[in-house]
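Below is start_25.csv, which holds CSV, C-alpha atoms.
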chain,number,residue,atom,x,y,z
T,9,MET,CA,0.0,0.0,0.0
T,10,ARG,CA,1.2,3.5,-0.8
T,11,ILE,CA,0.5,5.8,2.1
T,12,LEU,CA,0.9,9.5,2.3
T,13,LEU,CA,1.1,11.2,5.8
T,14,ALA,CA,0.1,14.8,5.4
T,15,ASN,CA,1.1,16.8,8.5
T,16,PHE,CA,1.2,20.5,7.8
T,17,SER,CA,3.1,21.5,10.9
T,18,LYS,CA,6.7,21.8,12.1
T,19,MET,CA,8.8,18.7,12.5
T,20,ILE,CA,12.4,19.8,12.7
T,21,GLY,CA,13.8,19.1,16.2
T,22,ASP,CA,10.2,19.0,17.5
T,23,SER,CA,9.8,16.7,20.6
T,24,GLY,CA,6.1,17.2,20.8
T,25,GLY,CA,3.4,14.5,20.7
T,26,LEU,CA,2.3,15.3,17.1
T,27,ALA,CA,5.8,14.8,15.8
T,28,LYS,CA,6.2,11.7,17.8
T,29,VAL,CA,3.0,10.2,16.4
T,30,ASN,CA,4.0,11.2,12.9
T,31,ILE,CA,7.3,9.4,13.1
T,32,ALA,CA,5.9,6.3,14.9
T,33,PHE,CA,3.1,6.0,12.2
T,34,ALA,CA,5.7,6.3,9.4
T,35,ASN,CA,8.1,3.9,11.0
T,36,GLU,CA,5.5,1.2,11.7
T,37,MET,CA,3.9,1.3,8.3
T,38,ALA,CA,7.3,1.0,6.7
T,39,ARG,CA,8.1,-1.9,8.9
T,40,TYR,CA,4.8,-3.5,7.8
T,41,GLY,CA,6.1,-3.3,4.2
T,42,HIS,CA,4.1,-0.3,3.0
T,43,THR,CA,5.6,2.5,0.9
T,44,VAL,CA,5.4,5.6,3.1
T,45,THR,CA,5.8,9.3,2.4
T,46,THR,CA,5.4,12.1,4.9
T,47,ILE,CA,5.1,15.8,4.1
T,48,TYR,CA,5.4,18.6,6.6
T,49,SER,CA,5.7,22.4,6.7
T,50,ASP,CA,8.6,23.9,8.6
T,51,ASP,CA,10.6,27.1,8.1
T,52,ARG,CA,13.6,25.3,9.5
T,53,VAL,CA,15.8,22.7,8.0
T,54,GLY,CA,17.6,19.9,9.9
T,55,ASP,CA,17.0,16.6,11.6
T,56,PHE,CA,13.8,15.3,13.3
T,57,PHE,CA,14.0,14.8,17.1
T,58,TYR,CA,12.8,11.2,16.8
T,59,PRO,CA,14.6,8.8,14.5
T,60,LEU,CA,12.9,8.1,11.2
T,61,ASP,CA,13.1,4.8,9.3
T,62,GLU,CA,15.3,5.4,6.2
T,63,ARG,CA,12.7,3.8,4.0
T,64,VAL,CA,10.3,6.7,4.6
T,65,ALA,CA,10.4,9.5,2.0
T,66,THR,CA,10.0,13.0,3.4
T,67,TYR,CA,9.2,16.4,1.9
T,68,ASN,CA,9.4,19.8,3.6
T,69,LEU,CA,6.9,22.0,1.8
T,70,ARG,CA,8.8,25.2,2.8
T,71,HIS,CA,12.0,23.9,1.3
T,72,PHE,CA,11.1,22.0,-1.8
T,73,ARG,CA,13.6,21.2,-4.5
T,74,GLY,CA,15.7,24.3,-4.1
T,75,GLN,CA,12.8,26.6,-3.6
T,76,THR,CA,12.4,28.2,-0.1
T,77,LEU,CA,9.0,29.5,1.0
T,78,LEU,CA,9.3,30.9,4.5
T,79,PHE,CA,6.2,32.0,6.3
T,80,PRO,CA,6.3,35.8,5.7
T,81,ILE,CA,6.7,38.2,8.7
T,82,SER,CA,3.7,40.1,7.5
T,83,TYR,CA,1.6,36.9,7.8
T,84,LYS,CA,3.0,36.2,11.2
T,85,VAL,CA,2.1,39.7,12.5
T,86,ARG,CA,-1.4,39.6,11.0
T,87,ARG,CA,-2.0,36.1,12.4
T,88,GLU,CA,-0.9,37.2,15.9
T,89,ILE,CA,-3.1,40.3,15.8
T,90,LEU,CA,-6.1,38.3,14.6
T,91,ARG,CA,-5.6,35.6,17.3
T,92,VAL,CA,-6.2,38.3,20.0
T,93,PHE,CA,-9.8,38.6,18.6
T,94,SER,CA,-10.5,35.2,17.1
T,95,GLN,CA,-8.5,31.9,17.0
T,96,LYS,CA,-10.5,31.0,13.9
T,97,CYS,CA,-9.3,34.1,12.0
T,98,GLY,CA,-5.7,33.6,13.3
T,99,ARG,CA,-5.6,30.0,12.1
T,100,ALA,CA,-7.1,31.0,8.7
T,101,VAL,CA,-3.9,32.9,7.9
T,102,ASN,CA,-2.0,29.6,7.9
T,103,ASN,CA,-4.5,28.3,5.3
T,104,GLU,CA,-4.2,31.4,3.2
T,105,PHE,CA,-0.4,30.9,3.1
T,106,THR,CA,-0.9,27.2,2.1
T,107,GLU,CA,-3.4,28.1,-0.7
T,108,LYS,CA,-1.2,30.9,-2.1
T,109,TYR,CA,2.2,29.2,-2.0
T,110,LEU,CA,2.2,25.5,-1.2
T,111,LEU,CA,-0.5,24.0,-3.4
T,112,PRO,CA,1.7,23.3,-6.4
T,113,HIS,CA,4.3,21.5,-4.3
T,114,ILE,CA,1.6,19.3,-2.7
T,115,GLN,CA,0.1,18.5,-6.2
T,116,THR,CA,3.6,17.6,-7.4
T,117,ILE,CA,4.1,15.2,-4.5
T,118,LEU,CA,0.7,13.6,-5.1
T,119,THR,CA,1.5,13.1,-8.8
T,120,GLU,CA,4.9,11.6,-8.2
T,121,THR,CA,4.1,9.4,-5.3
T,122,GLN,CA,0.7,8.2,-6.4
T,123,PRO,CA,-0.6,7.4,-2.8
T,124,GLU,CA,-3.5,5.0,-2.5
T,125,ILE,CA,-4.6,6.4,0.8
T,126,ILE,CA,-3.8,9.6,2.7
T,127,ILE,CA,-3.7,10.2,6.5
T,128,ALA,CA,-4.3,13.9,7.2
T,129,PHE,CA,-2.9,14.9,10.5
T,130,GLN,CA,-5.2,17.9,11.0
T,131,PRO,CA,-8.3,19.4,9.4
T,132,ALA,CA,-6.2,22.0,7.6
T,133,SER,CA,-4.3,19.4,5.6
T,134,ALA,CA,-7.6,17.5,4.9
T,135,LYS,CA,-9.0,20.8,3.6
T,136,THR,CA,-6.1,21.4,1.3
T,137,LEU,CA,-6.4,17.9,-0.2
T,138,LEU,CA,-10.1,17.5,-0.4
T,139,CYS,CA,-11.4,21.0,-0.8
T,140,ASP,CA,-8.6,22.9,-2.6
T,141,LEU,CA,-7.0,20.2,-4.7
T,142,LYS,CA,-10.2,18.1,-4.8
T,143,THR,CA,-8.3,14.8,-4.7
T,144,HIS,CA,-10.2,11.6,-5.1
T,145,ILE,CA,-7.7,9.6,-3.1
T,146,PRO,CA,-9.4,8.5,0.2
T,147,VAL,CA,-8.4,10.6,3.2
T,148,ILE,CA,-8.6,9.6,6.8
T,149,THR,CA,-8.5,12.6,9.0
T,150,MET,CA,-6.8,12.2,12.4
T,151,SER,CA,-7.8,14.0,15.6
T,152,HIS,CA,-5.1,14.7,18.2
T,153,GLY,CA,-7.4,16.3,20.7
T,154,ASP,CA,-11.1,16.8,21.4
T,155,PRO,CA,-12.8,17.4,18.0
T,156,GLU,CA,-15.3,19.6,19.7
T,157,ASP,CA,-12.7,22.3,19.4
T,158,TYR,CA,-13.0,22.2,15.6
T,159,PHE,CA,-16.4,23.8,15.8
T,160,HIS,CA,-15.3,26.7,18.0
T,161,THR,CA,-11.7,27.6,17.2
T,162,TYR,CA,-10.9,26.2,13.8
T,163,PRO,CA,-11.6,28.1,10.5
T,164,THR,CA,-15.0,27.4,9.2
T,165,ALA,CA,-13.5,26.6,5.8
T,166,GLU,CA,-11.9,23.5,7.2
T,167,LEU,CA,-15.1,21.8,8.4
T,168,PRO,CA,-16.4,20.5,5.0
T,169,ALA,CA,-13.2,18.4,4.8
T,170,LEU,CA,-14.3,16.5,7.8
T,171,ALA,CA,-17.5,15.5,6.1
T,172,ARG,CA,-15.7,14.6,2.9
T,173,SER,CA,-13.1,12.4,4.7
T,174,ALA,CA,-13.5,8.7,4.2
T,175,VAL,CA,-13.1,8.3,8.0
T,176,CYS,CA,-12.5,10.7,10.9
T,177,GLN,CA,-10.3,9.1,13.6
T,178,VAL,CA,-10.5,10.1,17.2
T,179,LEU,CA,-8.6,9.0,20.2
T,180,LEU,CA,-11.3,8.4,22.9
T,181,PRO,CA,-14.9,7.3,22.9
T,182,SER,CA,-16.1,10.6,24.3
T,183,PHE,CA,-14.4,12.4,21.4
T,184,ALA,CA,-16.3,10.3,18.9
T,185,GLN,CA,-19.6,11.4,20.4
T,186,HIS,CA,-18.6,15.0,20.2
T,187,LEU,CA,-17.8,14.7,16.5
T,188,ARG,CA,-21.0,12.8,15.8
T,189,ASN,CA,-23.1,15.5,17.5
T,190,HIS,CA,-22.0,17.9,14.8
T,191,LEU,CA,-21.5,15.5,11.8
T,192,PRO,CA,-23.9,12.6,12.4
T,193,ASP,CA,-23.4,11.2,8.8
T,194,THR,CA,-19.6,11.1,9.1
T,195,ARG,CA,-17.9,7.8,9.8
T,196,VAL,CA,-15.9,8.1,13.0
T,197,GLU,CA,-13.5,5.4,14.3
T,198,VAL,CA,-11.9,5.4,17.8
T,199,ILE,CA,-8.2,4.4,17.7
T,200,GLY,CA,-6.0,5.5,20.6
T,201,ASN,CA,-2.3,6.2,20.4
T,202,ALA,CA,0.2,3.3,20.5
T,203,VAL,CA,1.7,3.0,24.0
T,204,PRO,CA,5.1,1.2,24.5
T,205,GLN,CA,4.8,-2.0,26.6
T,206,TYR,CA,8.0,-1.7,28.6
T,207,ALA,CA,9.8,-4.9,29.6
T,208,GLU,CA,11.0,-3.1,32.7
T,209,GLN,CA,8.8,-1.5,35.4
T,210,ALA,CA,9.2,1.2,38.0
T,211,ASN,CA,10.0,-0.5,41.3
T,212,LEU,CA,7.6,1.3,43.6
T,213,ALA,CA,7.9,-1.3,46.4
T,214,ARG,CA,11.6,-0.5,47.0
T,215,GLU,CA,12.5,1.6,50.0
T,216,LYS,CA,14.4,4.7,48.9
T,217,VAL,CA,16.3,7.6,50.4
T,218,MET,CA,14.4,9.9,48.1
T,219,TYR,CA,11.2,9.4,46.2
T,220,LYS,CA,10.3,11.2,43.0
T,221,ILE,CA,7.3,12.8,41.4
T,222,VAL,CA,7.7,13.3,37.6
T,223,PHE,CA,6.1,15.7,35.2
T,224,VAL,CA,6.7,15.2,31.4
T,225,GLY,CA,5.5,17.8,28.9
T,226,ARG,CA,6.2,21.1,27.4
T,227,MET,CA,6.2,24.0,29.9
T,228,VAL,CA,3.1,25.7,28.6
T,229,ARG,CA,1.1,27.9,31.0
T,230,ASN,CA,-2.5,27.4,29.7
T,231,HIS,CA,-2.1,23.8,28.5
T,232,LYS,CA,0.2,21.6,30.6
T,233,ARG,CA,0.2,24.0,33.6
T,234,PRO,CA,3.3,22.8,35.5
T,235,HIS,CA,3.0,25.9,37.7
T,236,LEU,CA,-0.1,24.2,39.4
T,237,LEU,CA,2.0,21.1,40.2
T,238,ILE,CA,4.9,23.3,41.6
T,239,GLU,CA,2.5,25.2,43.8
T,240,ALA,CA,0.8,22.0,45.0
T,241,PHE,CA,4.2,20.5,45.9
T,242,THR,CA,5.2,23.6,47.9
T,243,LYS,CA,2.0,23.1,50.0
T,244,ILE,CA,3.0,19.6,51.1
T,245,ALA,CA,6.8,19.6,50.8
T,246,ALA,CA,7.4,20.1,54.5
T,247,GLU,CA,5.4,16.9,55.3
T,248,PHE,CA,7.4,14.9,52.7
T,249,PRO,CA,11.1,15.8,53.0
T,250,ASP,CA,12.1,12.6,51.2
T,251,TRP,CA,10.3,13.6,48.0
T,252,THR,CA,11.5,15.5,45.0
T,253,LEU,CA,9.8,16.9,41.9
T,254,GLU,CA,11.4,16.6,38.4
T,255,LEU,CA,9.9,18.5,35.4
T,256,TRP,CA,11.0,17.2,32.0
T,257,GLY,CA,10.2,19.1,28.9
T,258,ALA,CA,11.0,22.0,26.7
T,259,GLU,CA,10.7,25.6,27.9
T,260,ASP,CA,7.9,27.5,26.1
T,261,SER,CA,8.3,31.0,27.5
T,262,LYS,CA,11.2,32.5,29.4
T,263,CYS,CA,8.9,34.8,31.3
T,264,TYR,CA,6.8,31.8,32.5
T,265,GLN,CA,9.9,29.9,33.4
T,266,LYS,CA,11.1,32.8,35.5
T,267,GLU,CA,7.8,33.0,37.3
T,268,MET,CA,7.9,29.3,38.2
T,269,ARG,CA,11.5,29.6,39.4
T,270,ARG,CA,10.5,32.5,41.7
T,271,VAL,CA,7.8,30.4,43.3
T,272,ILE,CA,10.3,27.6,43.9
T,273,ALA,CA,12.9,30.0,45.3
T,274,ALA,CA,10.3,31.7,47.6
T,275,ALA,CA,9.6,28.2,49.0
T,276,GLY,CA,13.3,27.4,49.4
T,277,LEU,CA,12.9,24.3,47.3
T,278,GLU,CA,15.5,24.9,44.6
T,279,ASN,CA,17.2,21.5,45.5
T,280,ARG,CA,13.9,19.6,45.4
T,281,ILE,CA,12.1,21.0,42.4
T,282,LEU,CA,14.2,20.5,39.3
T,283,PHE,CA,13.8,21.6,35.7
T,284,CYS,CA,15.5,18.8,33.7
T,285,GLY,CA,15.0,19.9,30.0
T,286,THR,CA,14.3,17.4,27.2
T,287,THR,CA,15.6,13.9,26.9
T,288,THR,CA,15.4,11.0,24.5
T,289,GLU,CA,15.6,8.6,27.5
T,290,ILE,CA,12.1,9.0,28.9
T,291,PRO,CA,11.9,5.3,29.8
T,292,ARG,CA,14.9,5.7,32.1
T,293,VAL,CA,13.3,8.8,33.7
T,294,LEU,CA,10.0,7.0,34.3
T,295,GLN,CA,11.6,3.9,35.7
T,296,GLY,CA,13.3,5.9,38.4
T,297,SER,CA,10.1,7.7,39.4
T,298,ASP,CA,7.3,6.9,41.9
T,299,LEU,CA,4.4,9.0,40.8
T,300,CYS,CA,3.3,10.9,37.7
T,301,VAL,CA,1.2,14.1,37.9
T,302,ALA,CA,-0.7,15.6,35.0
T,303,PRO,CA,-2.0,19.1,35.8
T,304,SER,CA,-3.1,19.7,32.2
T,305,ALA,CA,-6.2,21.8,31.3
T,306,TYR,CA,-6.8,19.6,28.2
T,307,GLU,CA,-5.1,16.7,26.4
T,308,GLY,CA,-5.7,14.5,23.4
T,309,PHE,CA,-4.3,11.2,24.3
T,310,SER,CA,-1.1,12.1,26.1
T,311,LEU,CA,1.8,9.9,25.2
T,312,ALA,CA,3.8,11.2,28.2
T,313,HIS,CA,1.1,10.2,30.7
T,314,THR,CA,0.2,6.8,29.1
T,315,GLU,CA,3.9,5.9,28.9
T,316,ALA,CA,4.2,6.7,32.6
T,317,MET,CA,1.3,4.4,33.3
T,318,SER,CA,2.8,1.7,31.1
T,319,MET,CA,6.0,1.9,33.2
T,320,GLY,CA,3.8,1.2,36.2
T,321,LEU,CA,3.4,4.7,37.7
T,322,PRO,CA,0.0,5.8,39.1
T,323,LEU,CA,-1.2,9.0,37.5
T,324,ILE,CA,-2.9,12.0,39.2
T,325,GLY,CA,-4.8,14.5,37.0
T,326,TYR,CA,-7.8,16.8,37.1
T,327,ARG,CA,-11.3,15.5,36.7
T,328,SER,CA,-12.1,18.4,34.4
T,329,CYS,CA,-9.5,17.3,31.9
T,330,VAL,CA,-11.7,15.0,29.9
T,331,SER,CA,-9.0,12.9,28.2
T,332,VAL,CA,-7.0,12.4,31.4
T,333,ALA,CA,-10.2,11.5,33.3
T,334,GLU,CA,-11.1,8.9,30.7
T,335,LEU,CA,-7.7,7.2,31.1
T,336,ILE,CA,-7.7,7.2,34.9
T,337,ASP,CA,-10.0,4.8,36.7
T,338,ASP,CA,-10.2,6.9,39.9
T,339,GLY,CA,-8.9,5.0,42.9
T,340,VAL,CA,-7.7,2.1,40.7
T,341,ASN,CA,-4.9,3.1,38.5
T,342,GLY,CA,-4.7,6.8,39.6
T,343,LEU,CA,-6.5,9.6,41.3
T,344,LEU,CA,-8.6,12.5,39.9
T,345,ALA,CA,-8.6,15.8,41.7
T,346,ALA,CA,-11.1,18.7,41.6
T,347,ASP,CA,-9.8,21.9,40.1
T,348,GLY,CA,-7.3,24.0,42.1
T,349,VAL,CA,-3.9,23.7,43.8
T,350,MET,CA,-5.0,22.3,47.1
T,351,PRO,CA,-7.2,19.5,45.7
T,352,LEU,CA,-4.2,18.4,43.6
T,353,ALA,CA,-1.9,18.6,46.6
T,354,GLU,CA,-4.3,16.5,48.7
T,355,LYS,CA,-4.4,13.8,46.1
T,356,MET,CA,-0.6,13.8,45.8
T,357,ALA,CA,-0.3,13.5,49.6
T,358,VAL,CA,-2.6,10.4,49.6
T,359,LEU,CA,-0.2,8.5,47.4
T,360,MET,CA,2.9,9.9,48.9
T,361,ARG,CA,1.9,8.7,52.3
T,362,ASP,CA,1.1,5.1,51.2
T,363,ARG,CA,3.7,3.1,49.4
T,364,ASP,CA,1.5,-0.1,49.2
T,365,PHE,CA,-1.3,2.0,47.6
T,366,ARG,CA,1.2,3.3,45.0
T,367,VAL,CA,2.3,-0.2,44.2
T,368,ARG,CA,-1.3,-1.5,43.7
T,369,MET,CA,-2.2,1.5,41.6
T,370,GLY,CA,1.1,1.3,39.6
T,371,ASN,CA,0.4,-2.3,38.7
T,372,ALA,CA,-3.2,-1.5,37.7
T,373,ALA,CA,-1.9,1.5,35.6
T,374,ARG,CA,0.5,-0.8,33.7
T,375,GLU,CA,-2.2,-3.4,33.1
T,376,SER,CA,-4.7,-0.8,31.8
T,377,MET,CA,-2.2,0.2,29.1
T,378,ARG,CA,-2.2,-3.3,27.6
T,379,ALA,CA,-5.2,-2.2,25.4
T,380,TYR,CA,-3.0,0.3,23.6
T,381,ALA,CA,-0.1,-2.1,22.8
T,382,PRO,CA,1.6,-1.1,19.5
T,383,GLU,CA,0.7,-4.3,17.7
T,384,ILE,CA,-3.0,-3.7,18.6
T,385,ILE,CA,-3.1,-0.1,17.6
T,386,TRP,CA,-1.1,-0.4,14.3
T,387,GLY,CA,-3.0,-3.5,13.4
T,388,ARG,CA,-6.2,-1.5,13.8
T,389,TRP,CA,-4.8,1.2,11.6
T,390,GLU,CA,-3.7,-1.2,8.9
T,391,ALA,CA,-7.1,-2.9,9.0
T,392,LEU,CA,-8.9,0.4,8.7
T,393,MET,CA,-6.8,1.5,5.7
T,394,ASP,CA,-7.3,-1.8,4.0
T,395,GLU,CA,-11.1,-1.5,4.5
T,396,VAL,CA,-11.2,2.1,3.2
T,397,LEU,CA,-9.1,1.2,0.2
T,398,ALA,CA,-11.2,-1.9,-0.6
T,399,SER,CA,-14.4,0.3,-0.4
T,400,GLN,CA,-12.9,2.9,-2.7
T,401,GLN,CA,-11.9,0.3,-5.3
T,402,GLY,CA,-15.3,-1.3,-5.0
T,403,GLN,CA,-17.0,2.0,-5.9
T,404,HIS,CA,-15.0,2.2,-9.1
T,405,THR,CA,-15.7,-1.4,-10.4

Output the file's structure as C-alpha cells, nothing else.
Amino acid sequence: MRILLANFSKMIGDSGGLAKVNIAFANEMARYGHTVTTIYSDDRVGDFFYPLDERVATYNLRHFRGQTLLFPISYKVRREILRVFSQKCGRAVNNEFTEKYLLPHIQTILTETQPEIIIAFQPASAKTLLCDLKTHIPVITMSHGDPEDYFHTYPTAELPALARSAVCQVLLPSFAQHLRNHLPDTRVEVIGNAVPQYAEQANLAREKVMYKIVFVGRMVRNHKRPHLLIEAFTKIAAEFPDWTLELWGAEDSKCYQKEMRRVIAAAGLENRILFCGTTTEIPRVLQGSDLCVAPSAYEGFSLAHTEAMSMGLPLIGYRSCVSVAELIDDGVNGLLAADGVMPLAEKMAVLMRDRDFRVRMGNAARESMRAYAPEIIWGRWEALMDEVLASQQGQHT
C-alpha cells in the first residue's frame, strides 16, 4: 500500500506529541512493508527529534527542490493580531499561506508518489487535499485532541473536509460522540495512540532515600500548567522531606519559566524541584520515578502520561481534563482531583503517604495500558486503511 502522511506542521527538532505520532506511524507502516511518504511544513531545515526509518520519504513544503518559501513576517504579524480577537481568524492565515504558496508543491508530490490512501494529521491538511486540490484519493483525517474544538476555534472553511473524509479518527470514545453530535453522517473510528509496553517496570515497592514525582511535557502555562504542580508540591513539601519533583520538557516562555523559578525560590525548594529539560531517554526517567502528575487543562491522548502508566506509575490528574479523566479509573490506576492547587496537593499526599497503595495503583496502571499495545493499535490502523481502500476500489468497479 502506498501511504501519504500529510502533517502541515513543524517537525524539525520537535519533541512534541504530534511529531512523535507522525514518526511512529511512518516507521511502523514502513516496517509492515508499505511505501510511506510524509510531508510537513517547517521554516527550519535539519533533523527530526525522533529517529525516522530510512525507507520513509520526506518532503518539507517550505524547502522544496531548491525553492524556499518561509512564512512571511507580514503573515505572522497579522496572524498574531487576529488571534487576539479570534482563534478562527488567526488559524485561517495559515490556510491562506498554504493556498497561495504551497498547493503546487503538494500536487507535485501527489502526482509523483501516487498514494493509494492519505492520512491527514489535521483538518487544515484535509481541507487542502479534499477542498482545494479536490483529490479523489481517500483521506482519513486524524484528531489529536477533542474534535469539539473544531467547531469553535478552527476556521469554518476546514469543516467541510471532515464531512468529505472517508473516516475521521478520534482518540477516545467521548471524542467520537462530540464529533457525531455535529456531523452525524460522518464515519468516526476510535483508535488510541500506541503505548510502549516496557519490559522493565518502575520499582515502587523498594524503600528509597528519596522518592520522585515526575512531570513530562512542554512548559506551557495554559495547557500543561506545570505551575499548578509546583504550587501543589510547595504546600506539602514540609510533610514529605524525602520527595523531589522533576519536570521534564522544553521551555515554552522565558517569562513563564522565571515565574515558576520565583515560586520555587520563595519556598526554598531549589534543590527539590528541578527543571531537567528534554531527553530521548524518557523510559529511564520514568523507571526511576514513583508517581506521575498531569495538571493539564486539556489533552488529546497524552503519550507522556500513558507511557508513565505503562511503566507502572500511578497517574494523578484533574477530573475536568476529559481525556485524562477517561484514562484514569479513579482509585484504581490513579486519582482524579477537583480543580485547584489544594485538591491536587491533597491527592498527591494520599499516594505519597502510602507506598503499598502506590504499588497497587502502579500495577493497575500498567495493566490498563495493555489495550494500547503497538501491535494492537497499528494492526487496527492497517485494517482500517485496507477496508477504506477496498471500499474505494469497489466503488470504481

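Rounded to one decimal, atom CA of Trp251 of chain T and atom CA of Phe309 of chain T lie 27.9 Å from each other.
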
Leaving out Ile125 of chain T and any residue of its chain fewer than 5 positions from it, which residues lie within 6 Å of it when counting only C-alpha atoms, given as a compact mmCIF listing (two decimals) with C-alpha atoms, keeping the file's coordinate frame?
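Okay, this is what ended up in part.txt:
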# COMPACT_ATOMS: atom_id res chain seq x y z
CA ILE T 11 0.50 5.80 2.10
CA ILE T 145 -7.70 9.60 -3.10
CA PRO T 146 -9.40 8.50 0.20

Original post:
Got a sec: who's within 8 Å of segment 255-259 of chain T, counting all atoms listed in the file, leaving out chain neighbours fewer than 2 positions off, as a PyMOL selection string?
Top reply: chain T and resi 222-228+234+253+261-262+265+281-287

* Work out how far atom CA of Glu334 of chain T is from atom CA of Glu156 of chain T, in Å to one decimal. =>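 Computed distance, atom CA of Glu156 of chain T to atom CA of Glu334 of chain T, equals 15.9 Å.
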
The distance between atom CA of Pro322 of chain T and atom CA of Pro181 of chain T is 22.1 Å

- For Val178 of chain T, please output as JSON, numbers by chain all residues within 8 Å (counting only C-alpha atoms; exclusion window: fewer than 4 positions along the same chain). {"T": [150, 151, 152, 153, 154, 155, 183, 184, 196, 197, 198, 199, 200]}

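For the residues T:Leu335, T:Val29, T:Leu69, T:Ile290, ranking by smallest atom-to-atom distance to Phe16 of chain T using only C-alpha atoms places T:Leu69 first.
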
List the neighbours of segment 295-301 of chain T out to 8 Å using all atoms listed in the file; skip same-chain residues closer than 4 positions along the sequence, and give me the result as a list in words.
Glu208, Gln209, Ala210, Asn211, Leu212, Tyr219, Lys220, Ile221, Val222, Phe223, Leu237, Pro291, His313, Ala316, Met319, Leu321, Pro322, Leu323, Ile324, Gly325 and Arg366 of chain T

Can you write just those residues out, C-alpha atoms, as a PDB file, in the frame of the given file?
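Ended up saving to result-v7.pdb:
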ATOM      1  CA  GLU T 208      11.000  -3.100  32.700  1.00  0.00           C
ATOM      2  CA  GLN T 209       8.800  -1.500  35.400  1.00  0.00           C
ATOM      3  CA  ALA T 210       9.200   1.200  38.000  1.00  0.00           C
ATOM      4  CA  ASN T 211      10.000  -0.500  41.300  1.00  0.00           C
ATOM      5  CA  LEU T 212       7.600   1.300  43.600  1.00  0.00           C
ATOM      6  CA  TYR T 219      11.200   9.400  46.200  1.00  0.00           C
ATOM      7  CA  LYS T 220      10.300  11.200  43.000  1.00  0.00           C
ATOM      8  CA  ILE T 221       7.300  12.800  41.400  1.00  0.00           C
ATOM      9  CA  VAL T 222       7.700  13.300  37.600  1.00  0.00           C
ATOM     10  CA  PHE T 223       6.100  15.700  35.200  1.00  0.00           C
ATOM     11  CA  LEU T 237       2.000  21.100  40.200  1.00  0.00           C
ATOM     12  CA  PRO T 291      11.900   5.300  29.800  1.00  0.00           C
ATOM     13  CA  HIS T 313       1.100  10.200  30.700  1.00  0.00           C
ATOM     14  CA  ALA T 316       4.200   6.700  32.600  1.00  0.00           C
ATOM     15  CA  MET T 319       6.000   1.900  33.200  1.00  0.00           C
ATOM     16  CA  LEU T 321       3.400   4.700  37.700  1.00  0.00           C
ATOM     17  CA  PRO T 322       0.000   5.800  39.100  1.00  0.00           C
ATOM     18  CA  LEU T 323      -1.200   9.000  37.500  1.00  0.00           C
ATOM     19  CA  ILE T 324      -2.900  12.000  39.200  1.00  0.00           C
ATOM     20  CA  GLY T 325      -4.800  14.500  37.000  1.00  0.00           C
ATOM     21  CA  ARG T 366       1.200   3.300  45.000  1.00  0.00           C
TER      22      ARG T 366
END

Generate N, CA and C atoms for segment 376-389 of chain T and emit them as a PDB file, in the coordinates of the input.
ATOM      1  N   SER T 376      -3.658  -1.468  32.598  1.00  0.00           N
ATOM      2  CA  SER T 376      -4.700  -0.800  31.800  1.00  0.00           C
ATOM      3  C   SER T 376      -4.145  -0.275  30.470  1.00  0.00           C
ATOM      4  N   MET T 377      -2.839  -0.192  30.324  1.00  0.00           N
ATOM      5  CA  MET T 377      -2.200   0.200  29.100  1.00  0.00           C
ATOM      6  C   MET T 377      -2.059  -0.893  28.065  1.00  0.00           C
ATOM      7  N   ARG T 378      -2.341  -2.122  28.479  1.00  0.00           N
ATOM      8  CA  ARG T 378      -2.200  -3.300  27.600  1.00  0.00           C
ATOM      9  C   ARG T 378      -3.109  -3.090  26.339  1.00  0.00           C
ATOM     10  N   ALA T 379      -4.239  -2.424  26.516  1.00  0.00           N
ATOM     11  CA  ALA T 379      -5.200  -2.200  25.400  1.00  0.00           C
ATOM     12  C   ALA T 379      -4.615  -1.386  24.291  1.00  0.00           C
ATOM     13  N   TYR T 380      -3.540  -0.643  24.598  1.00  0.00           N
ATOM     14  CA  TYR T 380      -3.000   0.300  23.600  1.00  0.00           C
ATOM     15  C   TYR T 380      -1.581  -0.237  23.132  1.00  0.00           C
ATOM     16  N   ALA T 381      -1.336  -1.535  23.259  1.00  0.00           N
ATOM     17  CA  ALA T 381      -0.100  -2.100  22.800  1.00  0.00           C
ATOM     18  C   ALA T 381       0.111  -1.791  21.311  1.00  0.00           C
ATOM     19  N   PRO T 382       1.336  -1.483  20.887  1.00  0.00           N
ATOM     20  CA  PRO T 382       1.600  -1.100  19.500  1.00  0.00           C
ATOM     21  C   PRO T 382       1.011  -2.074  18.471  1.00  0.00           C
ATOM     22  N   GLU T 383       1.160  -3.374  18.712  1.00  0.00           N
ATOM     23  CA  GLU T 383       0.700  -4.300  17.700  1.00  0.00           C
ATOM     24  C   GLU T 383      -0.846  -4.270  17.574  1.00  0.00           C
ATOM     25  N   ILE T 384      -1.535  -3.882  18.659  1.00  0.00           N
ATOM     26  CA  ILE T 384      -3.000  -3.700  18.600  1.00  0.00           C
ATOM     27  C   ILE T 384      -3.352  -2.470  17.811  1.00  0.00           C
ATOM     28  N   ILE T 385      -2.735  -1.349  18.177  1.00  0.00           N
ATOM     29  CA  ILE T 385      -3.100  -0.100  17.600  1.00  0.00           C
ATOM     30  C   ILE T 385      -2.696  -0.029  16.089  1.00  0.00           C
ATOM     31  N   TRP T 386      -1.467  -0.443  15.759  1.00  0.00           N
ATOM     32  CA  TRP T 386      -1.100  -0.400  14.300  1.00  0.00           C
ATOM     33  C   TRP T 386      -1.815  -1.431  13.525  1.00  0.00           C
ATOM     34  N   GLY T 387      -2.166  -2.535  14.134  1.00  0.00           N
ATOM     35  CA  GLY T 387      -3.000  -3.500  13.400  1.00  0.00           C
ATOM     36  C   GLY T 387      -4.361  -2.946  13.100  1.00  0.00           C
ATOM     37  N   ARG T 388      -4.929  -2.155  14.009  1.00  0.00           N
ATOM     38  CA  ARG T 388      -6.200  -1.500  13.800  1.00  0.00           C
ATOM     39  C   ARG T 388      -6.127  -0.497  12.639  1.00  0.00           C
ATOM     40  N   TRP T 389      -5.010   0.254  12.642  1.00  0.00           N
ATOM     41  CA  TRP T 389      -4.800   1.200  11.600  1.00  0.00           C
ATOM     42  C   TRP T 389      -4.701   0.546  10.223  1.00  0.00           C
TER      43      TRP T 389
END
